[in-house]
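What follows is the content of final.txt (compact mmCIF, C-alpha atoms).
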```txt
# COMPACT_ATOMS: atom_id res chain seq x y z
CA MET J 1 -76.22 173.71 -110.88
CA LYS J 2 -77.82 176.95 -111.98
CA GLY J 3 -80.14 175.09 -114.42
CA ILE J 4 -81.42 172.56 -111.85
CA THR J 5 -82.46 175.02 -109.11
CA PRO J 6 -85.54 176.36 -111.02
CA ILE J 7 -86.68 172.80 -111.77
CA ILE J 8 -86.41 171.81 -108.10
CA ALA J 9 -88.32 174.96 -107.12
CA ILE J 10 -91.13 174.16 -109.58
CA VAL J 11 -91.36 170.54 -108.39
CA LEU J 12 -91.53 171.68 -104.75
CA LEU J 13 -94.24 174.24 -105.56
CA LEU J 14 -96.26 171.56 -107.39
CA LEU J 15 -95.90 169.14 -104.44
CA MET J 16 -97.04 171.81 -101.97
CA THR J 17 -100.05 172.64 -104.19
CA VAL J 18 -101.07 168.97 -104.46
CA ALA J 19 -100.64 168.51 -100.69
CA ALA J 20 -102.77 171.60 -99.95
CA ALA J 21 -105.50 170.46 -102.37
CA GLY J 22 -105.51 166.97 -100.84
CA SER J 23 -105.78 168.36 -97.32
CA ALA J 24 -108.65 170.65 -98.34
CA TYR J 25 -110.45 167.71 -100.03
CA LEU J 26 -110.16 165.53 -96.91
CA TRP J 27 -111.37 168.33 -94.66
CA PHE J 28 -114.41 169.09 -96.87
CA THR J 29 -115.45 165.44 -97.20
CA SER J 30 -115.19 164.76 -93.46
CA THR J 31 -117.16 167.92 -92.66
CA GLN J 32 -119.83 167.00 -95.21
CA GLY J 33 -120.13 163.47 -93.76
CA ARG J 34 -120.50 164.85 -90.24
CA ILE J 35 -123.23 167.30 -91.32
CA GLN J 36 -125.12 164.57 -93.23
CA GLN J 37 -125.13 162.34 -90.13
CA GLN J 38 -126.48 165.16 -87.97
CA VAL J 39 -129.26 166.03 -90.43
CA SER J 40 -130.14 162.36 -90.97
CA GLY J 41 -130.47 161.87 -87.22
CA ARG J 42 -132.85 164.82 -86.95
CA ILE J 43 -135.05 163.62 -89.80
CA THR J 44 -135.27 160.08 -88.42
CA SER J 45 -136.08 161.26 -84.92
CA THR J 46 -139.06 163.29 -86.11
CA GLY J 47 -140.63 160.30 -87.88
CA SER J 48 -141.21 162.22 -91.08
CA ASN J 49 -141.66 159.13 -93.27
CA ILE J 50 -145.47 159.25 -93.18
CA GLN J 51 -146.73 157.67 -96.39
CA PHE J 52 -150.25 156.32 -96.58
CA GLN J 53 -152.94 155.71 -99.14
CA ILE J 54 -156.73 155.94 -98.88
CA VAL J 55 -158.46 152.85 -100.29
CA GLY J 56 -162.04 151.62 -100.19
CA LEU J 57 -163.61 155.04 -99.57
CA GLU J 58 -167.39 155.17 -99.06
CA CYS J 59 -169.56 158.16 -98.14
CA LYS J 60 -173.08 157.60 -96.77
CA ASN J 61 -175.72 160.03 -95.61
CA ASN J 62 -178.75 159.69 -93.34
CA VAL J 63 -177.44 156.70 -91.36
CA SER J 64 -178.74 155.94 -87.85
CA GLY J 65 -182.21 157.26 -88.59
CA GLY J 66 -181.04 160.27 -90.60
CA LEU J 67 -179.13 161.88 -87.71
CA GLN J 68 -175.60 161.57 -89.06
CA ASP J 69 -173.45 161.03 -92.13
CA ASN J 70 -170.57 158.52 -92.29
CA VAL J 71 -167.31 158.28 -94.20
CA SER J 72 -165.75 154.79 -94.21
CA PHE J 73 -162.32 153.97 -95.64
CA TYR J 74 -159.17 151.90 -95.35
CA ILE J 75 -155.72 153.38 -94.85
CA ARG J 76 -152.76 151.46 -96.29
CA ASN J 77 -149.51 152.51 -94.60
CA GLN J 78 -146.39 152.51 -96.79
CA GLY J 79 -144.13 154.47 -94.42
CA ASP J 80 -143.28 154.48 -90.71
CA SER J 81 -145.65 152.96 -88.19
CA ILE J 82 -148.33 155.41 -87.02
CA ALA J 83 -149.26 155.04 -83.35
CA ASN J 84 -152.89 154.83 -82.27
CA ASP J 85 -153.21 158.58 -82.23
CA LYS J 86 -156.10 161.05 -82.10
CA ASN J 87 -154.29 163.60 -84.24
CA TRP J 88 -155.68 162.38 -87.57
CA VAL J 89 -157.74 165.14 -89.18
CA ILE J 90 -160.44 164.43 -91.74
CA THR J 91 -161.92 167.28 -93.76
CA LEU J 92 -164.90 167.00 -96.10
CA ILE J 93 -164.95 169.41 -99.05
CA ASN J 94 -167.68 170.02 -101.62
CA ALA J 95 -166.06 169.08 -104.96
CA GLU J 96 -168.17 171.61 -106.90
CA ASN J 97 -167.23 174.80 -105.05
CA ASP J 98 -164.31 173.78 -102.76
CA ALA J 99 -166.35 174.76 -99.68
CA THR J 100 -165.41 172.94 -96.46
CA LEU J 101 -168.40 170.97 -95.24
CA ASP J 102 -167.00 169.62 -91.96
CA SER J 103 -163.78 168.67 -90.22
CA THR J 104 -162.98 166.51 -87.18
CA THR J 105 -160.23 164.47 -85.54
CA PHE J 106 -160.22 160.73 -85.03
CA ASN J 107 -158.14 157.94 -83.52
CA LEU J 108 -156.36 155.33 -85.67
CA GLY J 109 -153.12 153.37 -85.59
CA VAL J 110 -151.55 151.74 -88.65
CA ALA J 111 -148.47 149.50 -88.59
CA THR J 112 -145.77 149.75 -91.25
CA GLY J 113 -147.00 147.90 -94.34
CA GLY J 114 -150.40 147.38 -92.72
CA THR J 115 -153.96 148.35 -93.49
CA ASN J 116 -156.57 149.59 -91.03
CA SER J 117 -160.19 150.58 -91.49
CA THR J 118 -162.33 153.15 -89.77
CA THR J 119 -165.65 154.92 -90.01
CA VAL J 120 -165.91 158.59 -89.06
CA SER J 121 -169.36 160.02 -88.28
CA PHE J 122 -170.45 163.60 -88.86
CA ALA J 123 -173.57 164.92 -87.12
CA ASN J 124 -173.59 168.43 -88.61
CA THR J 125 -172.69 167.74 -92.22
CA THR J 126 -175.21 168.64 -94.87
CA TYR J 127 -174.40 166.60 -97.95
CA SER J 128 -176.92 164.73 -100.04
CA SER J 129 -177.10 161.58 -102.16
CA GLY J 130 -175.28 161.88 -105.46
CA GLN J 131 -173.07 164.76 -104.28
CA THR J 132 -169.32 164.48 -104.91
CA ILE J 133 -167.17 164.96 -101.81
CA VAL J 134 -163.40 165.37 -101.51
CA VAL J 135 -162.13 163.62 -98.38
CA ARG J 136 -158.78 165.00 -97.15
CA LEU J 137 -156.84 163.10 -94.46
CA ASN J 138 -153.94 164.61 -92.51
CA ALA J 139 -151.86 162.06 -90.57
CA PRO J 140 -150.27 162.75 -87.19
CA GLY J 141 -146.69 163.90 -87.74
CA GLY J 142 -147.30 164.93 -91.35
CA GLY J 143 -148.57 163.46 -94.58
CA GLU J 144 -151.75 164.31 -96.45
CA GLN J 145 -153.89 162.40 -98.92
CA SER J 146 -157.16 163.23 -100.67
CA ALA J 147 -159.73 161.03 -102.36
CA THR J 148 -163.14 161.62 -103.92
CA CYS J 149 -166.40 159.78 -103.28
CA THR J 150 -169.98 160.13 -104.37
CA VAL J 151 -172.47 160.13 -101.52
CA GLY J 152 -174.71 157.06 -101.53
```

Using structure tokens, write down the structure that the file contains.
Amino acid sequence: MKGITPIIAIVLLLLMTVAAAGSAYLWFTSTQGRIQQQVSGRITSTGSNIQFQIVGLECKNNVSGGLQDNVSFYIRNQGDSIANDKNWVITLINAENDATLDSTTFNLGVATGGTNSTTVSFANTTYSSGQTIVVRLNAPGGGEQSATCTVG
């Protein structure tokens, strides 16, 4: 019997080690799953999937008798639906020296997978025909895209 006692002790120690490791694994995976669900709920509730693309951009100057400049474009939405919201920000930047020419807010809603068009007018902008302008759009709730146009 003296030779079997150490073997039984080793087997019991190994079983306790495996049981402790298994319990720790189960605890860590359940905690990780719970944390992922909480974080996922927060991200979804903020509507952070704002993905859009600027297409069909056109910049014109001296419209309406030379009193204002216009920027016309389409927005193609590839993310969550964007409500008809006045929190869109459009900024016009001189491509040559990165100087901000003008900035304003406008109202536009775009459904998921949809396309919507708009024209934004600027009364105080001083850009001229042939000038290259960077148009930067910031969507409500996040998301930013830039495109370049030559003033016509």

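Shortest separation to Gly114 of chain J among J:Asn87, J:Gln131, J:Thr100, J:Gln53 occurs at residue J:Gln53, atoms counted being all atoms listed in the file.
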
Go through segment 65-106 of chain J residue by residue and, counting only C-alpha atoms, keep those with an atom at most 7 Å from segment 55-61 of chain J; for each kept residue give the shortest atom pair and its distance in Å to one decimal, ordered by chain and increasing number, as JSON lines.
```
{"residue": "J:Gln68", "atom": "CA", "partner": "J:Asn61", "partner_atom": "CA", "distance": 6.7}
{"residue": "J:Asp69", "atom": "CA", "partner": "J:Asn61", "partner_atom": "CA", "distance": 4.3}
{"residue": "J:Asn70", "atom": "CA", "partner": "J:Lys60", "partner_atom": "CA", "distance": 5.2}
{"residue": "J:Val71", "atom": "CA", "partner": "J:Cys59", "partner_atom": "CA", "distance": 4.5}
{"residue": "J:Ser72", "atom": "CA", "partner": "J:Glu58", "partner_atom": "CA", "distance": 5.1}
{"residue": "J:Phe73", "atom": "CA", "partner": "J:Leu57", "partner_atom": "CA", "distance": 4.3}
{"residue": "J:Tyr74", "atom": "CA", "partner": "J:Val55", "partner_atom": "CA", "distance": 5.1}
{"residue": "J:Ile75", "atom": "CA", "partner": "J:Val55", "partner_atom": "CA", "distance": 6.1}
```

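If you look at atom CA of Leu13 of chain J and atom CA of Trp27 of chain J, they are 21.1 Å away from each other.
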
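In terms of minimum interatomic distance to Gly79 of chain J, J:Val110 ranks closest within J:Leu101, J:Leu26, J:Leu92, J:Val110, counting only C-alpha atoms.
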
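Nearest residue to Asn77 of chain J, choosing from J:Asn116, J:Thr29, J:Asn97, J:Ser128 and counting only C-alpha atoms: J:Asn116.
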
- request: Pick out the residues sitting within 12 Å of Gln51 of chain J, and hand them over as a ChimeraX atom specification; count all atoms listed in the file, and ignore anything fewer than 4 positions along from it in its own chain.
  value: /J:47,75-82,110-114,137-145

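With all atoms listed in the file as the atoms that count, the residue of J:Ile54, J:Ile133, J:Ile35, J:Val18 with the shortest distance to Thr115 of chain J is J:Ile54.
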
Please complete segment 106-118 of chain J with N, CA and C atoms and give it back as a short mmCIF file (atom, residue, chain, number, x, y, z; two decimals), keeping the file's coordinate frame.
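The resulting file, part.cif, is reproduced below:
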```cif
data_model
loop_
_atom_site.label_atom_id
_atom_site.label_comp_id
_atom_site.auth_asym_id
_atom_site.auth_seq_id
_atom_site.Cartn_x
_atom_site.Cartn_y
_atom_site.Cartn_z
N PHE J 106 -159.87 162.09 -85.39
CA PHE J 106 -160.22 160.73 -85.03
C PHE J 106 -158.97 159.96 -84.64
N ASN J 107 -159.19 158.77 -84.10
CA ASN J 107 -158.14 157.94 -83.52
C ASN J 107 -157.91 156.72 -84.41
N LEU J 108 -156.66 156.48 -84.84
CA LEU J 108 -156.36 155.33 -85.67
C LEU J 108 -154.87 155.04 -85.64
N GLY J 109 -154.50 153.79 -85.51
CA GLY J 109 -153.12 153.37 -85.59
C GLY J 109 -152.94 152.44 -86.78
N VAL J 110 -151.81 152.58 -87.48
CA VAL J 110 -151.55 151.74 -88.65
C VAL J 110 -150.09 151.32 -88.63
N ALA J 111 -149.84 150.02 -88.59
CA ALA J 111 -148.47 149.50 -88.59
C ALA J 111 -147.82 149.68 -89.96
N THR J 112 -146.50 149.66 -89.99
CA THR J 112 -145.77 149.75 -91.25
C THR J 112 -146.18 148.60 -92.16
N GLY J 113 -146.57 148.91 -93.38
CA GLY J 113 -147.00 147.90 -94.34
C GLY J 113 -148.39 147.37 -94.09
N GLY J 114 -149.08 147.88 -93.08
CA GLY J 114 -150.40 147.38 -92.72
C GLY J 114 -151.53 148.20 -93.29
N THR J 115 -152.74 147.67 -93.08
CA THR J 115 -153.96 148.35 -93.49
C THR J 115 -154.91 148.37 -92.31
N ASN J 116 -155.60 149.48 -92.10
CA ASN J 116 -156.57 149.59 -91.03
C ASN J 116 -157.79 150.31 -91.57
N SER J 117 -158.95 149.96 -91.03
CA SER J 117 -160.19 150.58 -91.49
C SER J 117 -160.83 151.37 -90.37
N THR J 118 -161.61 152.36 -90.75
CA THR J 118 -162.33 153.15 -89.77
C THR J 118 -163.55 153.78 -90.42
#
```
